[in-house]
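Report on the following structure.
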Amino acid sequence: MNRILATLLATTILAGPAFAAKDSITLGMPLEPPVLDPTAGAAAAIKEVTYANIFQGLTRIAADGTVAPQLAKSWTISADGLTYTFALNSGVKFHDGAAFDCSVVKFTYERAVATDSTNSQKGFFEPIATTACPDPLTAVVTLRRATGDFLFNMGAGDAVMISPATAATNKTNPVGTGPFAFKRWIKGDRVELERFAGYWGPAPKLASAVFRFIADPSAATAAVMAGDLDAFPLFPAAESLDTIRKDKRFAVVIGTTQGKTIMSINNERAPFTDVRVRRALAHAIDRAALIDALGGNGKVIGSHYVPGRTGYIDLTGAYPYDPAKAQKLLAEAGVKPGTEMTLKLPPPVYARRGGEVIAAMLEQVGIKAKLVPVEWAQWLGPVFADSDFDLTIISHVEPNDLGIYARDKYYFNYKDQAYRSLYTRYNESNDPALRLDLVQQLQRKLSEDEPNVFLFALAKTGVWNAKLTGLWENQPIFANDLSGVAWAE
Amino acid sequence: MKPAWRNASFLIGISITTIIVVTALVSLVWTPYPPTKIDIVHKLAAPSWQHWLGTDPFGRDVGSMIMAGARSSLSVALIAVLVGAGIGIPLGAFASAVGGWVDSAVMRLTDLAFAFPALLTAVMITALAGPGAGNAMLAIGIFNIPVFARVTRGATLAVRELDFVMAARATGRGEFSIMARHVLPNISAVLLVQVTIQFALAIIADAGLAYVGLGTQPPFPSWGRMLNDAQTYIFKAPLLAVFPGLAITSAVLGLNLLGDGLRDLLDPRLSSRR
Amino acid sequence: MTAFLIRRLVGLVVTLWLATVVVFLVLQVLPGDPAALMLDTSARPDTIAALRHQMGLDRSAWVRYGAWIWGLVRGDFGVSYTYAVPVSELIAQRVMVSVPLAVLSICLSTAIAIPVGVLAAARRGRGTDAAIMGVAQFGVALPNFWLGILLILLFAVAYPVFPAGGFVGWEKGFWPALRCLILPALSLALPQAAILSRVTRSAVLETLGQDYVRTALAKGLSGVMALWRHAVPNALIPVVTIIGLQFSFLLAGTVIIENVFALPGMGRLVFQAIAQRDLIVVQDLVVLLAGAVIVVNFLVDLAYLGLDPRISHEGAK
């Protein structure tokens with residue numbers, strides 16, 4: 001009898017701390033990262049696990065999308081915009097105990113542009129001429145040409161600081177300077193992180209974090225409802241949000257991403273060389289109905305820029321849904337009713353299901369859209385690399401990518417000199433007022449030429465425990481920054 | 001031998017199969033709504049007088065989609081079985097007629113084909129050539145070849161030793177002539193039964209491929225993909241997951257019963273075992 | 001007997017080797033570049049080339065095939081392009097889902113089908129028999145993935161007893177992990193059980209007509225005793241054949257069922273690896289799955305030897 005009582009007491013006492021403030025978190029993610037080194041792969045999932053948690057850069061992107069100091073506590077830019085002098089934080093250590101100083105900066109940047117570099121954003125580092133270390137806590141980066149986005153780019157996941165000692169093994173055993181250290185990775189299931197005791201900054205509130213990978217919408221819903229997950233920042237089941245909203249335990253937070261979902265057009269292929277045809281396509285699509293069919297959380301866009309970013313202007317009224325006008329424009333351009341166009345659809349839901357809706361809308365204006373589902377490998381090859389397509393649906397998720405319309409060779413083949421010179425001025429300017437004016441001109445120019453049909457900004461549908469604070473509402477870059485996350489008392 | 005109208009399996013089987021074939025044919029000229037017509041406003045409607053089986057997440061009429069789905073399902077299965085039988089039967093007959101190392105080589109190849117799980121083969125073929133009804137037909141058809149080859153070879157070997165074949169051989173006829181004139185007609189019953197079985201299996205395989213996104217492609221409806229779509233909405237509209245499955249099951253059930261009935265009717269030796 | 005075994009073993013190795021050739025050739029013509037996939041749309045051509053070199057993709061097909069086969073012979077499955085870890089490690093984690101699922105399904109279907117089939121045979125021509133065979137006829141026609149969805153509807157949505165999908169992992173304990181496998185295993189097992197019960201029934205009926213069973217009955221053995229002592233053991237040969245054949249279907253079935261229930265098994269790994277063009281993983285998995293089928297068929301042949309000594313003489317010829 002006594003023993004039973006003692007056991008009961010012991011159980012109660014042991015169970016006690018569980019009721020105290022929780023200091024761990026389990027997050028759901030739809031996709032598993034292939035590796036855990038953000039400098040060795042483009043997959044968004046890599047950054048969603050490691051950015052700001054395991055790895056840090058000289059600068060960082062804050063929740064509102066602005067550039068903030070990180071491993072560099074401050075910096076100065078020379079008047080010609082070519083020399084950046086970074087003052088580095090002192091006492092910074094990697095998880096394996098190695099010290100962080102200017103030599104690491106030099107190593108990281110030089111590694112990224114080396115011939116054998118496999119950094120997917122090698123272009124970010126390409127303007128760098130030299131990295132010099134006058135003293136261990138000062139890094140002087142000299143550029144070949146002025147680059148307005150340089151500080152933003154150095155805050156990207158692809159530009160985080162890598163220790164020379166662990167550069168080769170970071171793919172499976174990442175070692176960074178962040179507040180959380182890598183603990184283990186059960187492939188196909190989860191990655192576990194734990195608080196790093198030697199962290200140079202303020203210690204995070206959370207002692208540990210688990211990222212679980214659940215791609216299936218119904219399994220994701222079930223895991224959230226069962227309380228197996230504390231948060232699902234990019235919840236994959238829009239159709240279940242209503243059910244979750246009704247439950248007081250959860251907060252459903254609809255934010256914005258940088259994903260510009262567009263119907264890309266091959267501008268070099270007839271009849272799309274004619275701007276009237278491209279405008280007709282824009283008039284033929286009912287964006288509101290499309291968003292509704294896909295779960296109702298995107299925001300209509302009118303150019304290649306998302307609401308919420310600095311300099312955004314609302315151009316959504318440029319091509320209202322107007323099938324009659326679309327038909328008229330098509331007739332003027334000599335496109336006969338019944339003309340067939342192929343619409344290639346990569347795997348994401350917005351493309352596959354969105355494509356079905358768009359095909360039905362195009363049918364209303366006399367265009368037969370032939371749907372061709374493709375895997376990513378077949379999208380990246382024939383469509384992206386070789387421009388072998390009429391139309392395709394894709395979300396461009398990079399934050400600052402107005403530059404893709406200025407490239408010599410890019411899959412949709414928009415080749416407009418006026419746009420290119422505007423963009424060059426924008427890219428090389430460091431003057432905020434001028435940049436703001438130019439970014440608006442760029443948006444207008446794209447809306448006018450409609451090289452692609454701009455559809456909607458992908459929403460960030462976040463679901464998390466109502467007691468959690470500090471998770472990002474929007475997604476200026478791919479990240480699940482846990483440094484400021486805590487459980488409310 | 002019992003007359004056909006006394007055989008319950010045959011009667012039920014032929015009725016279900018006829019209903020499905022007729023539905024598929026009717027869908028060519030008429031469905032209650034156009035099966036691909038999107039009507040977002042009326043999405044996920046419950047069954048009603050307007051929409052007997054309700055509407056899907058895009059507001060398409062589920063009943064019309066199931067009718068049109070019968071067409072894609074039957075055509076994929078038909079072509080797949082034709083490919084399988086068209087190549088497999090001559091291959092099996094050839095192997096048994098020639099015998100020797102050719103026979104062993106053919107059997108070794110069918111072993112190999114059997115070792116690859118059918119769906120994996122299909123996944124690889126579609127990865128190669130892209131998803132679509134044509135490739136689903138090909139993938140299922142390829143898997144059918146060794147089945148028909150083996151059945152033909154087995155049945156042929158049994159018949160070849162029978163007296164009348166021996167008699168034909170004694171008159172100096174060539175092996176291939178004997179095969180065409182005497183052996184194949186005698187195993188046609190076995191083959192016909194196998195065709196119905198494979199047809200039923202092909203319908204399941206087609207639905208499975210479509211379910212994982214490798215079969216008939218949108219916008220054309222298919223039963224398997226309807227099930228996949230329905231699963232996403234399983235909490236919201238559970239009925240969506242019921243009708244396409246019922247369609248698949250009844251088609252397969254009909255063909256299986258038909259096969260059983262045919263076996264009883266055409267080959268009393270086989271039926272006596274059951 | 002030994003000669004027969006050796007011949008079968010040689011056949012087994014040759015078939016496996018042919019399988020490696022076929023899968024390698026097919027994947028060579030598969031369009032898509034794993035390096036380009038890893039680096040996505042921002043990558044420059046020189047970066048992609050550097051990664052291809054790092055992955056060893058710039059070597060000739062002959063060299064890659066040779067390296068792969070030489071590795072397989074030594075039990076080395078190679079390193080995944082996408083995950084940069086040994087493929088054996090990736091597969092080992094998936095095997096812990098797929099194999100328990102397959103074993104559970106086979107056990108379930110056998111445990112259901114044999115008693116039911118024997119019962120139907122014993123009650124031949126009566127109501128019980130007709131009812132069982134009617135249900136079985138329906139079960140054969142039931143696609144397992146639809147059954148899976150129906151089971152989710154019933155036991156995860158309407159009456160939430162089991163999870164709708166996903167796998168918690170064995171480290172969470174035996175029962176929580178098993179709970180995730182019950183519905184998937186049932187979905188696979190029931191249609192198989194329907195087929196198996198029909199086979200069991202006809203096999204038992206056949207043996208019931210044999211002389212030795214009649215003799216046993218004549219010697220005064222009760223009907224039930226005769227059934228279980230003589231008829232059932234002798235009916236096992238066709239039943240074992242079907243179980244062996246079902247194994248191949250089961251493997252194919254798990255690929256779809258893992259999708260229905262979002263289980264991290266080998267089938268899903270195949271899909272994922274094909275999508276990512278992680279060719280070495282695809283090669284390994286296909287050969288492994290094909291190998292499993294070939295070996296199981298071999299074991300079934302061995303089981304014949306145990307069950308029916310007559311076959312060994314035929315085989316030895």
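Every chain in the structure tokens has a letter given in the order shown (A, B, ...), and although residue numbers restart at 1 in each chain, ligands are simply numbered from 1 in the order shown.
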Next on the checklist: I need the alpha helix (DSSP H) residues of stretch 79-185 of chain A per DSSP on the backbone, written as a PyMOL selection string.
Outcome noted: chain A and resi 102-113+122-125+150-153
Residues from the last selection, N, CA and C atoms, saved as a compact mmCIF listing (two decimals), in the first residue's frame:
```txt
# COMPACT_ATOMS: atom_id res chain seq x y z
N CYS A 102 37.56 37.16 -39.03
CA CYS A 102 37.56 37.58 -40.44
C CYS A 102 38.04 36.48 -41.37
N SER A 103 38.93 35.59 -40.87
CA SER A 103 39.44 34.54 -41.77
C SER A 103 38.30 33.63 -42.24
N VAL A 104 37.30 33.48 -41.40
CA VAL A 104 36.14 32.66 -41.78
C VAL A 104 35.35 33.36 -42.90
N VAL A 105 35.21 34.69 -42.76
CA VAL A 105 34.50 35.45 -43.79
C VAL A 105 35.20 35.27 -45.13
N LYS A 106 36.53 35.45 -45.09
CA LYS A 106 37.32 35.32 -46.31
C LYS A 106 37.16 33.91 -46.91
N PHE A 107 37.27 32.91 -46.03
CA PHE A 107 37.11 31.51 -46.48
C PHE A 107 35.73 31.30 -47.12
N THR A 108 34.70 31.76 -46.42
CA THR A 108 33.33 31.52 -46.89
C THR A 108 33.10 32.14 -48.27
N TYR A 109 33.49 33.43 -48.42
CA TYR A 109 33.21 34.11 -49.68
C TYR A 109 34.07 33.56 -50.82
N GLU A 110 35.31 33.22 -50.49
CA GLU A 110 36.17 32.69 -51.55
C GLU A 110 35.73 31.29 -51.98
N ARG A 111 35.26 30.51 -51.01
CA ARG A 111 34.77 29.17 -51.31
C ARG A 111 33.55 29.26 -52.25
N ALA A 112 32.71 30.28 -52.01
CA ALA A 112 31.47 30.38 -52.78
C ALA A 112 31.71 30.70 -54.25
N VAL A 113 32.83 31.37 -54.57
CA VAL A 113 33.06 31.70 -55.99
C VAL A 113 34.11 30.80 -56.64
N LYS A 122 25.69 31.32 -56.62
CA LYS A 122 27.05 31.79 -56.88
C LYS A 122 27.03 33.24 -57.36
N GLY A 123 25.97 33.60 -58.04
CA GLY A 123 25.85 34.95 -58.57
C GLY A 123 25.90 36.04 -57.50
N PHE A 124 25.46 35.73 -56.29
CA PHE A 124 25.50 36.70 -55.19
C PHE A 124 26.94 37.14 -54.91
N PHE A 125 27.87 36.20 -55.09
CA PHE A 125 29.26 36.43 -54.67
C PHE A 125 30.12 36.90 -55.83
N PHE A 150 23.60 44.08 -52.27
CA PHE A 150 24.68 43.27 -51.71
C PHE A 150 24.43 42.87 -50.25
N LEU A 151 24.02 43.84 -49.42
CA LEU A 151 23.82 43.52 -48.00
C LEU A 151 22.67 42.52 -47.83
N PHE A 152 21.63 42.68 -48.66
CA PHE A 152 20.50 41.74 -48.62
C PHE A 152 20.98 40.35 -49.01
N ASN A 153 21.76 40.30 -50.09
CA ASN A 153 22.24 38.99 -50.55
C ASN A 153 23.12 38.32 -49.51
```
Output as JSON lines one row per residue of chain B within 8 Å of chain A: the closest atom pair and its distance in Å to one decimal place, counting only C-alpha atoms, sorted by chain and residue number ascending.
```
{"residue": "B:Thr36", "atom": "CA", "partner": "A:Ala360", "partner_atom": "CA", "distance": 7.7}
{"residue": "B:Lys37", "atom": "CA", "partner": "A:Ala360", "partner_atom": "CA", "distance": 7.0}
{"residue": "B:Ile38", "atom": "CA", "partner": "A:Ala360", "partner_atom": "CA", "distance": 6.7}
{"residue": "B:Ile40", "atom": "CA", "partner": "A:Ala293", "partner_atom": "CA", "distance": 6.3}
{"residue": "B:Pro57", "atom": "CA", "partner": "A:Ala293", "partner_atom": "CA", "distance": 7.2}
{"residue": "B:Phe58", "atom": "CA", "partner": "A:Ala293", "partner_atom": "CA", "distance": 6.2}
{"residue": "B:Gly130", "atom": "CA", "partner": "A:Val374", "partner_atom": "CA", "distance": 6.9}
{"residue": "B:Pro131", "atom": "CA", "partner": "A:Pro373", "partner_atom": "CA", "distance": 7.2}
{"residue": "B:Gln217", "atom": "CA", "partner": "A:Pro373", "partner_atom": "CA", "distance": 7.7}
{"residue": "B:Pro218", "atom": "CA", "partner": "A:Glu356", "partner_atom": "CA", "distance": 6.7}
{"residue": "B:Pro219", "atom": "CA", "partner": "A:Glu356", "partner_atom": "CA", "distance": 5.9}
{"residue": "B:Gln231", "atom": "CA", "partner": "A:Ser218", "partner_atom": "CA", "distance": 7.5}
{"residue": "B:Thr232", "atom": "CA", "partner": "A:Ser218", "partner_atom": "CA", "distance": 6.2}
{"residue": "B:Tyr233", "atom": "CA", "partner": "A:Glu239", "partner_atom": "CA", "distance": 6.7}
{"residue": "B:Ile234", "atom": "CA", "partner": "A:Ser218", "partner_atom": "CA", "distance": 7.7}
{"residue": "B:Phe235", "atom": "CA", "partner": "A:Ser240", "partner_atom": "CA", "distance": 7.5}
{"residue": "B:Lys236", "atom": "CA", "partner": "A:Ser240", "partner_atom": "CA", "distance": 7.7}
```
Could you dump the residues just selected with C-alpha atoms as a PDB file, in the first residue's frame?
```
ATOM      1  CA  THR B  36     -14.739  19.131 -67.275  1.00  0.00           C
ATOM      2  CA  LYS B  37     -16.967  22.149 -66.676  1.00  0.00           C
ATOM      3  CA  ILE B  38     -15.681  24.134 -63.706  1.00  0.00           C
ATOM      4  CA  ILE B  40     -16.352  27.279 -58.507  1.00  0.00           C
ATOM      5  CA  PRO B  57     -13.817  20.951 -55.248  1.00  0.00           C
ATOM      6  CA  PHE B  58     -14.002  22.733 -58.613  1.00  0.00           C
ATOM      7  CA  GLY B 130       5.770  11.429 -68.977  1.00  0.00           C
ATOM      8  CA  PRO B 131       2.485  10.574 -67.320  1.00  0.00           C
ATOM      9  CA  GLN B 217      -4.203  13.295 -67.092  1.00  0.00           C
ATOM     10  CA  PRO B 218      -6.445  16.229 -66.284  1.00  0.00           C
ATOM     11  CA  PRO B 219      -8.689  17.735 -67.384  1.00  0.00           C
ATOM     12  CA  GLN B 231      -8.705  12.197 -50.093  1.00  0.00           C
ATOM     13  CA  THR B 232      -7.558  15.799 -49.745  1.00  0.00           C
ATOM     14  CA  TYR B 233     -11.113  16.755 -48.827  1.00  0.00           C
ATOM     15  CA  ILE B 234     -11.816  13.713 -46.726  1.00  0.00           C
ATOM     16  CA  PHE B 235     -12.667  15.738 -43.624  1.00  0.00           C
ATOM     17  CA  LYS B 236     -14.888  18.128 -45.527  1.00  0.00           C
TER      18      LYS B 236
END
```
Item to check | Residues of stretch 248-399 of chain A in strand (DSSP E), written as a PyMOL selection string | outcome: chain A and resi 250-265+299-300+339-345+367-373+391-396
Checklist entry - Using only C-alpha atoms, which chain C residues lie at most 10 Å away from chain A, written as number ranges by chain? => result C: 30-54, 80-85, 89-91, 93-94, 156-157, 163-169, 259-265, 268-269, 274-277
Got time to write the residues from that selection, C-alpha atoms, as a CSV table (one decimal), in the first residue's frame?
```
chain,number,residue,atom,x,y,z
C,30,LEU,CA,15.7,9.1,-68.2
C,31,PRO,CA,15.7,12.8,-68.9
C,32,GLY,CA,16.7,15.2,-66.1
C,33,ASP,CA,19.8,16.1,-64.2
C,34,PRO,CA,20.1,15.5,-60.4
C,35,ALA,CA,22.7,18.3,-60.1
C,36,ALA,CA,20.4,20.8,-61.8
C,37,LEU,CA,17.6,19.7,-59.5
C,38,MET,CA,19.7,20.3,-56.4
C,39,LEU,CA,20.7,23.8,-57.5
C,40,ASP,CA,17.4,25.0,-58.9
C,41,THR,CA,16.7,28.0,-61.1
C,42,SER,CA,19.4,30.5,-59.9
C,43,ALA,CA,22.3,28.2,-60.6
C,44,ARG,CA,24.9,29.0,-63.2
C,45,PRO,CA,26.0,26.3,-65.7
C,46,ASP,CA,29.5,26.2,-64.2
C,47,THR,CA,28.1,25.5,-60.7
C,48,ILE,CA,26.0,22.7,-62.1
C,49,ALA,CA,29.0,21.2,-63.9
C,50,ALA,CA,31.0,21.4,-60.6
C,51,LEU,CA,28.3,19.6,-58.8
C,52,ARG,CA,28.0,16.9,-61.5
C,53,HIS,CA,31.8,16.4,-61.1
C,54,GLN,CA,31.4,16.1,-57.3
C,80,SER,CA,22.8,9.1,-52.6
C,81,TYR,CA,23.2,12.0,-54.9
C,82,THR,CA,20.5,14.0,-53.2
C,83,TYR,CA,21.1,13.2,-49.5
C,84,ALA,CA,24.9,12.7,-49.7
C,85,VAL,CA,24.6,9.7,-47.3
C,89,GLU,CA,21.4,4.1,-44.5
C,90,LEU,CA,18.4,5.6,-46.4
C,91,ILE,CA,17.0,2.2,-47.2
C,93,GLN,CA,15.2,3.4,-42.3
C,94,ARG,CA,12.5,2.7,-44.9
C,156,ALA,CA,-9.8,8.0,-38.6
C,157,VAL,CA,-12.5,10.5,-39.5
C,163,PRO,CA,-4.3,7.8,-37.3
C,164,ALA,CA,-5.3,8.9,-40.8
C,165,GLY,CA,-1.7,8.5,-41.9
C,166,GLY,CA,1.9,9.1,-41.1
C,167,PHE,CA,4.3,7.0,-39.0
C,168,VAL,CA,5.5,7.9,-35.5
C,169,GLY,CA,8.6,5.8,-35.7
C,259,ASN,CA,1.0,7.0,-50.5
C,260,VAL,CA,-2.5,6.6,-49.2
C,261,PHE,CA,-1.3,6.6,-45.6
C,262,ALA,CA,1.7,8.8,-46.0
C,263,LEU,CA,4.1,6.2,-44.7
C,264,PRO,CA,7.8,6.7,-45.1
C,265,GLY,CA,8.4,3.4,-46.7
C,268,ARG,CA,7.6,6.4,-51.3
C,269,LEU,CA,11.4,6.5,-51.4
C,274,ILE,CA,12.8,9.2,-59.3
C,275,ALA,CA,11.4,12.8,-58.9
C,276,GLN,CA,14.8,14.0,-57.6
C,277,ARG,CA,16.7,11.9,-60.1
```
Checklist entry - What residues in chain B lie within 6 Å of chain C, counting only C-alpha atoms, written as an MDAnalysis selection string? => result chainID B and resid 112 115:117 119 128 245 249 252:253 274
